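Q: Just passing along the structure, written as structure tokens.
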Amino acid sequence: APAAPAPARLGTSSKSAHVETVPFPTFALSDEGKKVVLYFGLPGARRALGPDAVAATSRVQALEVVARVGSTAYRFHESILFEHVVPAKTKVRVKPDHVVVTLFKVHAGAFWENVHVNRKAVGPVRKSPPDHGRATVVTASGDAAAA
């Protein structure tokens, strides 16, 4: 009788497949009237980030920013932003040492003291659609070549 074929491997534990998710080293916010600019510190960002290595997923009142450098994913996530934004206008840029995300406000007169809502301090927040509206994904690239 012929020998049974070797069982197929379902998965291998390769270190290169593992992605470690960590927060961005630094973060700053600037309210500029009709827009809010978020600065995510990432030393050597422009040099280290490849094509479409940064993805910002925005909804009416939620934001996720992920910058992938090798096997590390720098991630920022806020499920309830301070105020409503216009997802379709979200912009992402890669600078030498940081990633910049620009959010355009729905209510330009609302001054953002923080990126998130402190529900205890402000009481009820504006009503959002249950799913925070449809997600919009914007990507940005650095100078690193595609792997």
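Chain identifiers are assigned as A, B, and so on, following the order in which chains appear in the structure tokens; residues are numbered from 1 within each chain, and ligands are numbered from 1 in order of appearance.
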Env of Pro43 in chain A: 10 Å cut, atoms = only C-alpha atoms, seq-sep filter 6 positions within chain, self excluded. Answer as a PyMOL selection string.
A: chain A and resi 24-26+95-99
Q: Can you tell me, as a PyMOL selection string, which residues in range 42-146 of chain A count as strand (DSSP E) by DSSP?
A: chain A and resi 54-59+62-69+72-78+91-94+98-104+136-140
Q: To one decimal in Å, tell me the separation between CA of Val100 in chain A and CA of His18 in chain A.
A: 26.4 Å
Q: Which is closer to Asp52 in chain A than all the others in A:Ala67, A:Thr102, A:His107, A:Ser30, using only C-alpha atoms?
A: A:Ala67
Q: Would you list the contacts of Pro23 in chain A as a list of chain:residue names, taking every protein, DNA or RNA residue within 12 Å and counting only C-alpha atoms, but skipping same-chain residues closer than 4 positions in sequence?
A: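 Residues meeting the cut-off are A:Phe27, A:Phe40, A:Gly41, A:Leu42, A:Glu64, A:Val65, A:Val66, A:Ala67, A:Arg68, A:Thr72, A:Ala73, A:Tyr74, A:Arg75, A:Phe76, A:His77.
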Q: Which residues come within 12 Å of Lys105 in chain A, counting only C-alpha atoms, excluding same-chain residues fewer than 2 positions away, as an MDAnalysis selection string?
A: chainID A and resid 31:37 59:61 81:90 102:103 107:112
Q: Restricting the calculation to only C-alpha atoms: of A:Ala144, A:Val138, A:Ala28, A:Val101, which residue gets closest to Leu49 in chain A?
A: A:Ala144
Q: Can you tell me which residues surround Ala62 in chain A at a distance of at most 7 Å, considering only C-alpha atoms, apart from same-chain residues fewer than 3 positions away, and format the answer as a list in words?
A: Ser58, Arg59, Glu78, Ser79, Ile80, Leu81 and His132 of chain A
Q: Generate a file of the selected residues that holds C-alpha atoms, formatted as a PDB file, in the first residue's frame.
A:
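And here's part-v7.pdb as it stands now:
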ATOM      1  CA  SER A  58     -12.933  57.982  10.528  1.00  0.00           C
ATOM      2  CA  ARG A  59     -16.625  58.032  11.268  1.00  0.00           C
ATOM      3  CA  GLU A  78     -11.030  56.914  19.977  1.00  0.00           C
ATOM      4  CA  SER A  79     -14.543  55.492  19.854  1.00  0.00           C
ATOM      5  CA  ILE A  80     -16.238  58.735  20.928  1.00  0.00           C
ATOM      6  CA  LEU A  81     -14.561  61.885  19.597  1.00  0.00           C
ATOM      7  CA  HIS A 132     -21.302  56.286  13.916  1.00  0.00           C
TER       8      HIS A 132
END
Q: Mind the document's chain letters and residue numbers, and return as a list of chain:residue names the residues of range 25-68 of chain A that DSSP labels alpha helix (DSSP H).
A: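 Filtering range 25-68 of chain A down to alpha helix (DSSP H) leaves A:Ala45, A:Arg46, A:Arg47, A:Ala48.
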Q: Counting only C-alpha atoms, which residue out of A:Glu20, A:Leu63, A:Asp143, A:Val115 sits closest to Gly44 in chain A?
A: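 When distances to Gly44 in chain A are compared using only C-alpha atoms, the smallest one comes from A:Asp143.
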